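Quick look at coords-v1.pdb (PDB, C-alpha atoms):
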ATOM      1  CA  MET A   3    -127.749 -27.588  38.067
ATOM      2  CA  PRO A   4    -129.929 -24.470  38.318
ATOM      3  CA  SER A   5    -129.243 -21.214  36.551
ATOM      4  CA  LEU A   6    -128.235 -18.369  38.854
ATOM      5  CA  LEU A   7    -129.056 -14.653  38.520
ATOM      6  CA  HIS A   8    -127.284 -12.412  41.024
ATOM      7  CA  PHE A   9    -129.014  -9.160  41.986
ATOM      8  CA  GLY A  10    -127.415  -5.972  43.256
ATOM      9  CA  GLU A  11    -129.369  -3.126  44.855
ATOM     10  CA  ASP A  12    -129.812  -1.332  41.523
ATOM     11  CA  ASP A  13    -131.226  -4.497  39.965
ATOM     12  CA  LEU A  14    -134.034  -4.568  42.520
ATOM     13  CA  LEU A  15    -135.099  -1.135  41.253
ATOM     14  CA  ASN A  16    -134.986  -2.131  37.581
ATOM     15  CA  CYS A  17    -137.240  -5.178  37.485
ATOM     16  CA  ARG A  18    -140.330  -4.865  35.310
ATOM     17  CA  PHE A  19    -143.170  -6.846  33.805
ATOM     18  CA  ALA A  20    -143.816  -6.961  30.074
ATOM     19  CA  VAL A  21    -146.344  -8.372  27.616
ATOM     20  CA  SER A  22    -145.110  -9.332  24.155
ATOM     21  CA  PRO A  23    -147.229 -10.231  21.107
ATOM     22  CA  LEU A  24    -144.003 -11.248  19.338
ATOM     23  CA  TRP A  25    -143.185 -13.748  22.072
ATOM     24  CA  GLU A  26    -146.711 -15.130  21.992
ATOM     25  CA  THR A  27    -146.220 -15.652  18.259
ATOM     26  CA  GLN A  28    -142.859 -17.351  18.779
ATOM     27  CA  GLU A  29    -144.272 -19.685  21.408
ATOM     28  CA  ALA A  30    -147.422 -20.415  19.380
ATOM     29  CA  VAL A  31    -145.162 -21.576  16.536
ATOM     30  CA  ARG A  32    -143.154 -23.676  18.987
ATOM     31  CA  THR A  33    -146.328 -25.172  20.483
ATOM     32  CA  LEU A  34    -147.507 -26.463  17.096
ATOM     33  CA  ASN A  35    -144.396 -28.652  16.983
ATOM     34  CA  ARG A  36    -144.430 -29.795  20.634
ATOM     35  CA  PRO A  37    -147.164 -32.276  21.621
ATOM     36  CA  ALA A  38    -146.241 -31.930  25.310
ATOM     37  CA  ARG A  39    -147.673 -28.411  25.191
ATOM     38  CA  HIS A  40    -150.972 -29.308  23.559
ATOM     39  CA  GLY A  41    -152.992 -30.064  26.692
ATOM     40  CA  TYR A  42    -154.319 -26.575  27.422
ATOM     41  CA  HIS A  43    -154.608 -25.551  23.762
ATOM     42  CA  ALA A  44    -156.639 -28.353  22.157
ATOM     43  CA  HIS A  45    -159.467 -25.995  21.137
ATOM     44  CA  TRP A  46    -157.030 -23.504  19.596
ATOM     45  CA  LEU A  47    -155.163 -26.286  17.806
ATOM     46  CA  ARG A  48    -158.361 -27.604  16.242
ATOM     47  CA  ARG A  49    -159.293 -24.136  15.011
ATOM     48  CA  MET A  50    -155.819 -23.453  13.663
ATOM     49  CA  ARG A  51    -155.117 -26.803  12.007
ATOM     50  CA  ALA A  52    -156.056 -25.781   8.472
ATOM     51  CA  ALA A  53    -154.528 -22.300   8.688
ATOM     52  CA  ALA A  54    -151.276 -23.600  10.183
ATOM     53  CA  ALA A  55    -151.001 -26.192   7.410
ATOM     54  CA  GLY A  56    -150.679 -23.303   4.954
ATOM     55  CA  LEU A  57    -147.515 -22.025   6.653
ATOM     56  CA  ASP A  58    -144.082 -23.550   6.108
ATOM     57  CA  LEU A  59    -142.749 -23.126   9.646
ATOM     58  CA  THR A  60    -139.757 -25.453   9.228
ATOM     59  CA  PRO A  61    -137.129 -22.659   9.120
ATOM     60  CA  LEU A  62    -138.400 -21.332  12.454
ATOM     61  CA  TRP A  63    -138.612 -24.805  14.004
ATOM     62  CA  LEU A  64    -134.975 -25.445  13.046
ATOM     63  CA  LEU A  65    -134.042 -22.540  15.336
ATOM     64  CA  MET A  66    -136.205 -23.752  18.238
ATOM     65  CA  PRO A  67    -134.274 -26.683  19.740
ATOM     66  CA  GLN A  68    -135.991 -28.850  22.333
ATOM     67  CA  ARG A  69    -133.038 -28.253  24.639
ATOM     68  CA  GLY A  70    -130.460 -25.594  24.014
ATOM     69  CA  TYR A  71    -130.035 -22.130  22.616
ATOM     70  CA  SER A  72    -132.614 -20.170  20.643
ATOM     71  CA  PRO A  73    -131.152 -17.134  18.831
ATOM     72  CA  ASP A  74    -131.675 -13.857  20.673
ATOM     73  CA  TRP A  75    -131.916 -11.860  17.450
ATOM     74  CA  LEU A  76    -135.108 -13.740  16.537
ATOM     75  CA  GLY A  77    -136.852 -13.085  19.854
ATOM     76  CA  PRO A  78    -135.329 -10.212  21.832
ATOM     77  CA  PRO A  79    -136.922  -9.054  25.109
ATOM     78  CA  PRO A  80    -139.825  -6.641  24.582
ATOM     79  CA  LEU A  81    -138.893  -2.981  24.243
ATOM     80  CA  GLY A  82    -141.471  -1.804  26.769
ATOM     81  CA  PRO A  83    -144.243  -3.085  29.031
ATOM     82  CA  VAL A  84    -146.896  -3.158  26.272
ATOM     83  CA  ALA A  85    -144.982  -3.045  22.977
ATOM     84  CA  GLY A  86    -147.004  -3.642  19.801
ATOM     85  CA  PHE A  87    -146.205  -6.386  17.332
ATOM     86  CA  GLU A  88    -145.168  -3.940  14.583
ATOM     87  CA  GLU A  89    -142.682  -2.298  16.930
ATOM     88  CA  GLU A  90    -141.217  -5.638  17.957
ATOM     89  CA  ILE A  91    -140.986  -7.118  14.454
ATOM     90  CA  ALA A  92    -139.206  -3.963  13.276
ATOM     91  CA  ALA A  93    -136.393  -4.729  15.728
ATOM     92  CA  ILE A  94    -136.006  -8.213  14.232
ATOM     93  CA  ARG A  95    -136.078  -6.860  10.689
ATOM     94  CA  ALA A  96    -133.189  -4.542  11.641
ATOM     95  CA  ALA A  97    -131.019  -7.375  13.035
ATOM     96  CA  ASP A  98    -127.349  -7.396  12.058
ATOM     97  CA  PRO A  99    -126.969 -10.277   9.540
ATOM     98  CA  ASP A 100    -123.548 -11.238  10.899
ATOM     99  CA  VAL A 101    -124.880 -11.513  14.449
ATOM    100  CA  ALA A 102    -127.929 -13.373  13.145
ATOM    101  CA  ARG A 103    -125.717 -15.889  11.342
ATOM    102  CA  GLU A 104    -123.503 -16.499  14.384
ATOM    103  CA  GLU A 105    -126.433 -16.995  16.755
ATOM    104  CA  SER A 106    -128.370 -19.126  14.264
ATOM    105  CA  ALA A 107    -125.414 -21.441  13.721
ATOM    106  CA  ARG A 108    -125.133 -21.912  17.476
ATOM    107  CA  SER A 109    -128.861 -22.688  17.677
ATOM    108  CA  LEU A 110    -128.807 -25.130  14.745
ATOM    109  CA  ALA A 111    -125.983 -27.030  16.430
ATOM    110  CA  ASP A 112    -128.303 -27.781  19.371
ATOM    111  CA  THR A 113    -130.756 -29.743  17.185
ATOM    112  CA  PRO A 114    -129.299 -33.024  15.888
ATOM    113  CA  GLY A 115    -128.840 -32.852  12.125
ATOM    114  CA  ALA A 116    -130.134 -29.277  11.751
ATOM    115  CA  LEU A 117    -126.761 -27.618  11.145
ATOM    116  CA  ALA A 118    -125.856 -30.017   8.315
ATOM    117  CA  SER A 119    -129.329 -30.048   6.773
ATOM    118  CA  ALA A 120    -130.014 -28.384   3.425
ATOM    119  CA  ARG A 121    -132.447 -25.913   5.020
ATOM    120  CA  GLY A 122    -129.996 -25.077   7.804
ATOM    121  CA  GLN A 123    -127.124 -24.508   5.380
ATOM    122  CA  ALA A 124    -129.349 -22.364   3.150
ATOM    123  CA  LEU A 125    -130.188 -20.106   6.090
ATOM    124  CA  LEU A 126    -126.528 -19.605   6.989
ATOM    125  CA  ALA A 127    -125.366 -19.126   3.383
ATOM    126  CA  ASP A 128    -127.161 -15.782   3.037
ATOM    127  CA  PRO A 129    -127.797 -14.278   6.493
ATOM    128  CA  ALA A 130    -129.368 -11.075   5.128
ATOM    129  CA  ARG A 131    -131.888 -13.174   3.239
ATOM    130  CA  MET A 132    -132.404 -15.308   6.352
ATOM    131  CA  VAL A 133    -133.334 -12.223   8.357
ATOM    132  CA  ARG A 134    -135.839 -11.158   5.688
ATOM    133  CA  GLU A 135    -137.299 -14.648   5.292
ATOM    134  CA  LEU A 136    -137.771 -15.366   8.978
ATOM    135  CA  THR A 137    -139.116 -11.877   9.680
ATOM    136  CA  GLY A 138    -141.721 -12.406   6.969
ATOM    137  CA  LEU A 139    -142.559 -15.862   8.311
ATOM    138  CA  LEU A 140    -143.056 -14.516  11.829
ATOM    139  CA  GLU A 141    -145.369 -11.838  10.448
ATOM    140  CA  GLN A 142    -147.435 -14.496   8.686
ATOM    141  CA  ALA A 143    -147.559 -16.547  11.877
ATOM    142  CA  TRP A 144    -148.730 -13.503  13.865
ATOM    143  CA  HIS A 145    -151.541 -12.667  11.465
ATOM    144  CA  THR A 146    -152.625 -16.303  11.118
ATOM    145  CA  LEU A 147    -152.134 -17.861  14.538
ATOM    146  CA  VAL A 148    -152.218 -15.138  17.174
ATOM    147  CA  GLU A 149    -153.704 -11.832  16.021
ATOM    148  CA  PRO A 150    -157.317 -13.142  15.743
ATOM    149  CA  ASP A 151    -157.215 -14.095  19.442
ATOM    150  CA  TRP A 152    -154.961 -11.293  20.651
ATOM    151  CA  PRO A 153    -157.670  -9.385  22.628
ATOM    152  CA  ARG A 154    -158.375 -12.543  24.631
ATOM    153  CA  LEU A 155    -154.672 -13.360  25.091
ATOM    154  CA  ARG A 156    -153.721  -9.795  26.015
ATOM    155  CA  ALA A 157    -156.492  -9.637  28.619
ATOM    156  CA  LEU A 158    -155.187 -12.792  30.298
ATOM    157  CA  LEU A 159    -151.588 -11.571  30.217
ATOM    158  CA  GLU A 160    -152.468  -8.145  31.591
ATOM    159  CA  ALA A 161    -154.532  -9.774  34.329
ATOM    160  CA  ASP A 162    -151.471 -11.840  35.269
ATOM    161  CA  VAL A 163    -149.338  -8.695  35.418
ATOM    162  CA  ALA A 164    -151.957  -6.863  37.490
ATOM    163  CA  PHE A 165    -152.140  -9.739  39.977
ATOM    164  CA  HIS A 166    -148.396 -10.157  40.342
ATOM    165  CA  SER A 167    -147.825  -6.401  40.560
ATOM    166  CA  ARG A 168    -150.120  -6.340  43.593
ATOM    167  CA  ARG A 169    -148.276  -9.285  45.108
ATOM    168  CA  LEU A 170    -144.941  -7.531  44.494
ATOM    169  CA  ALA A 171    -146.183  -4.577  46.527
ATOM    170  CA  GLU A 172    -147.315  -6.941  49.292
ATOM    171  CA  VAL A 173    -144.439  -9.423  49.600
ATOM    172  CA  GLY A 174    -141.495  -7.904  47.696
ATOM    173  CA  LEU A 175    -139.466  -9.451  44.894
ATOM    174  CA  GLY A 176    -137.980 -12.219  47.043
ATOM    175  CA  GLY A 177    -141.442 -13.322  48.095
ATOM    176  CA  LEU A 178    -143.007 -12.939  44.665
ATOM    177  CA  LEU A 179    -140.610 -14.948  42.508
ATOM    178  CA  PRO A 180    -141.214 -18.348  44.168
ATOM    179  CA  GLU A 181    -144.965 -17.633  43.962
ATOM    180  CA  ILE A 182    -144.793 -17.062  40.206
ATOM    181  CA  ASP A 183    -143.365 -20.517  39.554
ATOM    182  CA  ARG A 184    -142.178 -23.353  41.771
ATOM    183  CA  ARG A 185    -138.946 -23.512  39.743
ATOM    184  CA  PHE A 186    -137.896 -20.064  40.991
ATOM    185  CA  GLY A 187    -136.005 -19.820  44.277
ATOM    186  CA  TRP A 188    -134.700 -16.750  46.097
ATOM    187  CA  ARG A 189    -131.920 -16.539  48.654
ATOM    188  CA  SER A 190    -129.427 -13.807  49.524
ATOM    189  CA  HIS A 191    -130.220 -11.653  46.470
ATOM    190  CA  THR A 192    -129.730 -14.616  44.126
ATOM    191  CA  LEU A 193    -132.500 -16.070  41.962
ATOM    192  CA  THR A 194    -132.185 -19.766  41.130
ATOM    193  CA  VAL A 195    -134.091 -21.051  38.107
ATOM    194  CA  GLU A 196    -134.543 -24.814  37.733
ATOM    195  CA  VAL A 197    -134.172 -25.198  33.961
ATOM    196  CA  PRO A 198    -132.017 -27.570  31.879
ATOM    197  CA  GLY A 199    -128.421 -26.414  31.594
ATOM    198  CA  ARG A 200    -126.515 -24.003  33.783
ATOM    199  CA  HIS A 201    -126.299 -20.266  33.283
ATOM    200  CA  GLU A 202    -124.879 -17.720  35.727
ATOM    201  CA  ARG A 203    -125.089 -13.979  35.369
ATOM    202  CA  HIS A 204    -124.588 -10.880  37.497
ATOM    203  CA  LEU A 205    -127.310  -8.489  36.409
ATOM    204  CA  ALA A 206    -125.049  -5.447  36.881
ATOM    205  CA  GLY A 207    -127.861  -2.945  37.318
ATOM    206  CA  GLN A 208    -129.942  -4.077  34.339
ATOM    207  CA  GLY A 209    -132.613  -5.688  36.470
ATOM    208  CA  LEU A 210    -134.929  -8.391  35.176
ATOM    209  CA  VAL A 211    -137.889  -8.577  32.792
ATOM    210  CA  LEU A 212    -140.693 -10.866  34.000
ATOM    211  CA  MET A 213    -142.913 -11.900  31.098
ATOM    212  CA  PRO A 214    -146.048 -14.067  31.346
ATOM    213  CA  ASN A 215    -146.760 -16.166  28.284
ATOM    214  CA  VAL A 216    -149.790 -18.202  27.261
ATOM    215  CA  PHE A 217    -148.232 -20.706  24.866
ATOM    216  CA  SER A 218    -145.029 -21.464  26.785
ATOM    217  CA  TRP A 219    -146.749 -23.760  29.335
ATOM    218  CA  PRO A 220    -145.337 -25.846  30.959
ATOM    219  CA  ASP A 221    -141.899 -24.394  30.194
ATOM    220  CA  VAL A 222    -139.979 -21.617  31.890
ATOM    221  CA  ILE A 223    -137.606 -19.807  29.545
ATOM    222  CA  SER A 224    -134.553 -18.066  30.930
ATOM    223  CA  GLY A 225    -131.616 -16.266  29.453
ATOM    224  CA  PHE A 226    -130.582 -13.628  26.945
ATOM    225  CA  GLU A 227    -126.918 -12.939  26.575
ATOM    226  CA  PRO A 228    -125.513  -9.407  26.964
ATOM    227  CA  PRO A 229    -126.382  -6.780  25.852
ATOM    228  CA  TRP A 230    -130.011  -7.923  26.188
ATOM    229  CA  GLN A 231    -131.764  -7.355  29.482
ATOM    230  CA  PRO A 232    -132.098 -10.656  31.379
ATOM    231  CA  THR A 233    -135.617 -12.057  31.025
ATOM    232  CA  LEU A 234    -137.717 -14.825  32.550
ATOM    233  CA  VAL A 235    -140.712 -16.100  30.583
ATOM    234  CA  TYR A 236    -143.214 -18.039  32.680
ATOM    235  CA  PRO A 237    -146.667 -19.625  32.095
ATOM    236  CA  ALA A 238    -149.455 -17.092  32.645
ATOM    237  CA  ARG A 239    -152.111 -17.633  35.309
ATOM    238  CA  GLY A 240    -155.543 -18.807  34.226
ATOM    239  CA  ILE A 241    -154.753 -20.542  30.941
ATOM    240  CA  GLY A 242    -156.900 -23.527  31.920
ATOM    241  CA  GLY A 243    -160.058 -21.638  30.974
ATOM    242  CA  LEU A 244    -158.586 -19.500  28.212
ATOM    243  CA  TRP A 245    -160.235 -21.218  25.250
ATOM    244  CA  ALA A 246    -163.541 -22.020  26.927
ATOM    245  CA  GLU A 247    -166.485 -20.707  24.967
ATOM    246  CA  PRO A 248    -168.809 -18.363  26.868
ATOM    247  CA  THR A 249    -171.798 -20.086  28.451
ATOM    248  CA  ASP A 250    -174.755 -18.727  30.363
ATOM    249  CA  ARG A 251    -173.772 -19.748  33.877
ATOM    250  CA  THR A 252    -174.995 -16.555  35.528
ATOM    251  CA  PRO A 253    -176.988 -17.466  38.655
ATOM    252  CA  ASP A 254    -180.706 -16.649  38.383
ATOM    253  CA  ALA A 255    -180.693 -14.891  41.758
ATOM    254  CA  LEU A 256    -177.909 -12.588  40.580
ATOM    255  CA  VAL A 257    -179.811 -11.852  37.358
ATOM    256  CA  ARG A 258    -182.889 -10.866  39.375
ATOM    257  CA  LEU A 259    -180.777  -8.603  41.560
ATOM    258  CA  LEU A 260    -178.627  -6.865  38.940
ATOM    259  CA  GLY A 261    -180.170  -7.585  35.545
ATOM    260  CA  ARG A 262    -178.797 -10.081  33.044
ATOM    261  CA  GLY A 263    -176.121  -7.867  31.475
ATOM    262  CA  ARG A 264    -174.578  -6.620  34.711
ATOM    263  CA  ALA A 265    -174.779 -10.064  36.297
ATOM    264  CA  ALA A 266    -172.978 -11.576  33.296
ATOM    265  CA  VAL A 267    -170.209  -8.955  33.487
ATOM    266  CA  LEU A 268    -169.734  -9.450  37.226
ATOM    267  CA  THR A 269    -169.648 -13.244  36.851
ATOM    268  CA  ALA A 270    -167.136 -13.056  33.988
ATOM    269  CA  LEU A 271    -164.574 -11.101  36.015
ATOM    270  CA  ASP A 272    -162.754 -14.074  37.517
ATOM    271  CA  GLU A 273    -159.575 -12.172  36.610
ATOM    272  CA  PRO A 274    -159.044  -8.430  36.035
ATOM    273  CA  ALA A 275    -160.101  -7.511  32.506
ATOM    274  CA  GLY A 276    -160.825  -4.512  30.300
ATOM    275  CA  THR A 277    -163.904  -3.469  28.381
ATOM    276  CA  THR A 278    -162.792  -4.850  24.999
ATOM    277  CA  ALA A 279    -161.822  -8.261  26.374
ATOM    278  CA  LEU A 280    -165.075  -8.616  28.290
ATOM    279  CA  ALA A 281    -167.119  -7.570  25.265
ATOM    280  CA  HIS A 282    -165.310 -10.200  23.169
ATOM    281  CA  ARG A 283    -165.793 -12.873  25.812
ATOM    282  CA  LEU A 284    -169.482 -12.134  26.407
ATOM    283  CA  ARG A 285    -170.302 -11.257  22.800
ATOM    284  CA  LEU A 286    -171.776  -7.929  23.845
ATOM    285  CA  ALA A 287    -171.276  -4.447  22.425
ATOM    286  CA  PRO A 288    -168.332  -2.639  24.084
ATOM    287  CA  SER A 289    -170.614   0.334  24.839
ATOM    288  CA  SER A 290    -173.000  -1.931  26.762
ATOM    289  CA  VAL A 291    -170.173  -3.573  28.700
ATOM    290  CA  SER A 292    -168.718  -0.150  29.523
ATOM    291  CA  ALA A 293    -172.059   1.007  30.939
ATOM    292  CA  HIS A 294    -172.408  -2.171  33.028
ATOM    293  CA  LEU A 295    -168.849  -1.802  34.370
ATOM    294  CA  THR A 296    -169.465   1.794  35.389
ATOM    295  CA  ALA A 297    -172.688   0.876  37.172
ATOM    296  CA  LEU A 298    -171.049  -2.045  38.997
ATOM    297  CA  ARG A 299    -168.100   0.108  40.030
ATOM    298  CA  ASP A 300    -170.384   2.879  41.289
ATOM    299  CA  ALA A 301    -172.259   0.271  43.341
ATOM    300  CA  GLY A 302    -169.022  -0.831  45.023
ATOM    301  CA  LEU A 303    -168.858  -4.224  43.319
ATOM    302  CA  LEU A 304    -165.803  -3.444  41.164
ATOM    303  CA  VAL A 305    -162.663  -1.359  41.324
ATOM    304  CA  SER A 306    -160.674  -0.144  38.345
ATOM    305  CA  ARG A 307    -157.004   0.560  37.711
ATOM    306  CA  ARG A 308    -155.103   1.795  34.697
ATOM    307  CA  TYR A 309    -152.502  -0.445  33.044
ATOM    308  CA  GLY A 310    -150.825   1.125  30.006
ATOM    309  CA  HIS A 311    -153.588   2.339  27.721
ATOM    310  CA  GLN A 312    -156.215   0.080  29.280
ATOM    311  CA  VAL A 313    -158.407   0.280  32.350
ATOM    312  CA  LEU A 314    -158.743  -3.095  34.072
ATOM    313  CA  TYR A 315    -161.688  -3.943  36.317
ATOM    314  CA  GLU A 316    -161.781  -6.461  39.133
ATOM    315  CA  ARG A 317    -164.292  -7.481  41.771
ATOM    316  CA  THR A 318    -164.280  -6.063  45.291
ATOM    317  CA  PRO A 319    -164.866  -8.428  48.236
ATOM    318  CA  LEU A 320    -168.581  -7.612  47.996
ATOM    319  CA  GLY A 321    -168.538  -8.326  44.256
ATOM    320  CA  ILE A 322    -166.747 -11.621  44.863
ATOM    321  CA  ALA A 323    -169.317 -12.621  47.479
ATOM    322  CA  LEU A 324    -172.230 -11.823  45.166
ATOM    323  CA  ALA A 325    -170.697 -13.572  42.143
ATOM    324  CA  SER A 326    -169.816 -16.720  44.096
ATOM    325  CA  GLY A 327    -172.997 -16.836  46.139
ATOM    326  CA  GLY A 328    -175.469 -15.833  43.491
ATOM    327  CA  GLY A 329    -176.800 -12.878  45.462
TER
END

Structure encoded using structure tokens:
Amino acid sequence: MPSLLHFGEDDLLNCRFAVSPLWETQEAVRTLNRPARHGYHAHWLRRMRAAAAGLDLTPLWLLMPQRGYSPDWLGPPPLGPVAGFEEEIAAIRAADPDVAREESARSLADTPGALASARGQALLADPARMVRELTGLLEQAWHTLVEPDWPRLRALLEADVAFHSRRLAEVGLGGLLPEIDRRFGWRSHTLTVEVPGRHERHLAGQGLVLMPNVFSWPDVISGFEPPWQPTLVYPARGIGGLWAEPTDRTPDALVRLLGRGRAAVLTALDEPAGTTALAHRLRLAPSSVSAHLTALRDAGLLVSRRYGHQVLYERTPLGIALASGGG
């Protein structure tokens, strides 16, 4: 049976997108322990094998059942559209130990043998220590597994948000949700989500957080009990090419027309991206990329829009034609 989220008129006004480095960290940890997720991340997994081996992630994995409840205290919805990791981890560090124990016990019960295991019982025996231990472990996982690639990941996530924000303006929420993922359905102000288990909730004016995620593929994650704002986590667009190393595929005709640097920048903008992400992808100085972006925008090949603290660039129809046709 699908989960059901019932929207009132106020809920339609309180839907938002968010990007969460904490959630990317959570799902990266989960991905290491789930072979079904490895397909798109083989390059990342090879790079991270040695570093991940130095982390004892078992306490986190115990609270990440294959099917069932994951504790909300360990991964609350992001506080804002572009919250930083330090801001998000501070909220976990401040979790109420009694609430953490109750939710963790419920989560452990959804993994066969976890609740009765020595590690599971040790977590529940001292919930204040559990909060400290798991907060520290998540911080280690962030610094080891995700932070080195965060500019690349954030660029992809923000491009997803930029794309779907435009589609929201064009087709409305009811049209957008089924486009985001085939498991989302919309009828009569009710969102159906095809995920294991049944959950029904009236949003009561809280609206919905829509959060793209790189490491969650192919899963859709739904839930959060009150008082948390209801949230849907879905696989971000474009992850198929996320870990591809940059190659010189810039057409020669485009190089002759624009110069190598500007042609490379135009070709790289398959999705909206910012200066830092493009510089990282192309291995160019940010100042050089910024100059190329300005020149391409002034020539009518790009447009720019602000998202949070970043300016994202994307190709105009003329830019698309040049990049795909090689000039």

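Once the PyMOL selection byres ((chain A and resi 31-35) around 9) is applied to the depicted file, the selected set reads Glu26, Thr27, Gln28, Glu29, Ala30, Arg36, Pro37, Ala38, Arg39, His40, His43, Leu47, Ala54, Leu59, Leu62, Trp63, Met66, Leu140, Ala143, Leu147, Phe217, Ser218 and Trp219 of chain A.
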
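For the structure shown here, the set of residues caught by the PyMOL selection byres ((chain A and resi 161) around 10) is A:Leu155, A:Arg156, A:Ala157, A:Leu158, A:Leu159, A:Glu160, A:Asp162, A:Val163, A:Ala164, A:Phe165, A:His166, A:Ser167, A:Pro214, A:Ala238, A:Arg239, A:Gly240, A:Asp272, A:Glu273, A:Pro274, A:Ala275, A:Gly276, A:Tyr309, A:Leu314, A:Tyr315, A:Glu316.
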
Box in all listed atoms of range 162-181 of chain A, axis-aligned, with 6 Å more on each side; write out centre and edge lengths in Å to one decimal as lines of an AutoDock Vina configuration file.
center_x = -145.1
center_y = -11.5
center_z = 42.4
size_x = 26.2
size_y = 25.8
size_z = 26.3

Exercise. Evaluate the PyMOL selection byres ((chain A and resi 295) around 8) here and jot the selected residues down as a PyMOL selection string.
Key: chain A and resi 264+267+277+291-294+296-299+304+315

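Minimum atom-to-atom distance to Ala120 in chain A, evaluated using only C-alpha atoms, belongs to A:Thr60 out of A:Thr60, A:Ala102, A:Arg169, A:Val148.
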
Quiz prompt | Leu205 in chain A surroundings by all atoms listed in the file, 9 Å radius, close-in-sequence under 5 positions cut, as a ChimeraX atom specification | solution = /A:7-10,13,210,231-232

Quiz item: Hey, what's within 10 Å of Met132 in chain A if we count only C-alpha atoms and toss same-chain stuff fewer than 4 positions away? As number ranges by chain, please?
Solution: A: 61, 99, 102-103, 106, 124-128, 136-138

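Shell of Pro80 in chain A at 7 Å, with only C-alpha atoms counted and residues fewer than 4 places along the chain excluded, is Ala20, Ser22, Ala85 and Glu90 of chain A.
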
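You will find CA of Leu14 in chain A at 28.8 Å from CA of Val305 in chain A.
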
Quiz item: Expressed in Å to a single decimal, how great is the separation between CA of Pro23 in chain A and CA of Ile241 in chain A?
Solution: 16.1 Å

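Restricting the calculation to only C-alpha atoms, the smallest distance between Gln312 in chain A and any of A:Leu81, A:Ala279, A:Ala53, A:Leu259 is found for A:Ala279.
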
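For the residues A:Leu178, A:Ala325, A:Leu234, A:Leu117, ranking by smallest atom-to-atom distance to Met213 in chain A using all atoms listed in the file places A:Leu234 first.
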
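Distance check against Ile322 in chain A using all atoms listed in the file: of A:Gly41, A:Ala265, A:Ser5, A:Asp254, the minimum falls on A:Ala265.
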
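Distance annotation: of A:Ser109, A:Asn215, A:Gln142, A:Ser72, the residue with the minimal separation from Val21 in chain A is A:Asn215; atom set is all atoms listed in the file.
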
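Residues surrounding Gly321 in chain A within 8 Å are Leu268, Gly302, Leu303 and Leu304 of chain A [all atoms listed in the file; sequence separation below 6 positions excluded].
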
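Between CA of Leu286 in chain A and CA of Pro83 in chain A there is a distance of 28.4 Å.
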
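The neighbours of Cys17 in chain A here are the residues that come within 9 Å of it, using all atoms listed in the file and leaving out any residue fewer than 2 positions away in the same chain; they are Asp13, Leu14, Leu15, Phe19, Leu175, Gln208, Gly209, Leu210, Val211 and Leu212 of chain A.
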
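Proximity of A:Ala323, A:Phe87, A:Arg185, A:His204 to His145 in chain A, computed with only C-alpha atoms, is greatest for A:Phe87.
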
Quiz prompt | Residue list as a list of chain:residue names for point (-137.4, -27.6, 34.5), cut-off 8 Å, only C-alpha atoms | solution = A:Arg185, A:Glu196, A:Val197, A:Pro198, A:Asp221, A:Val222
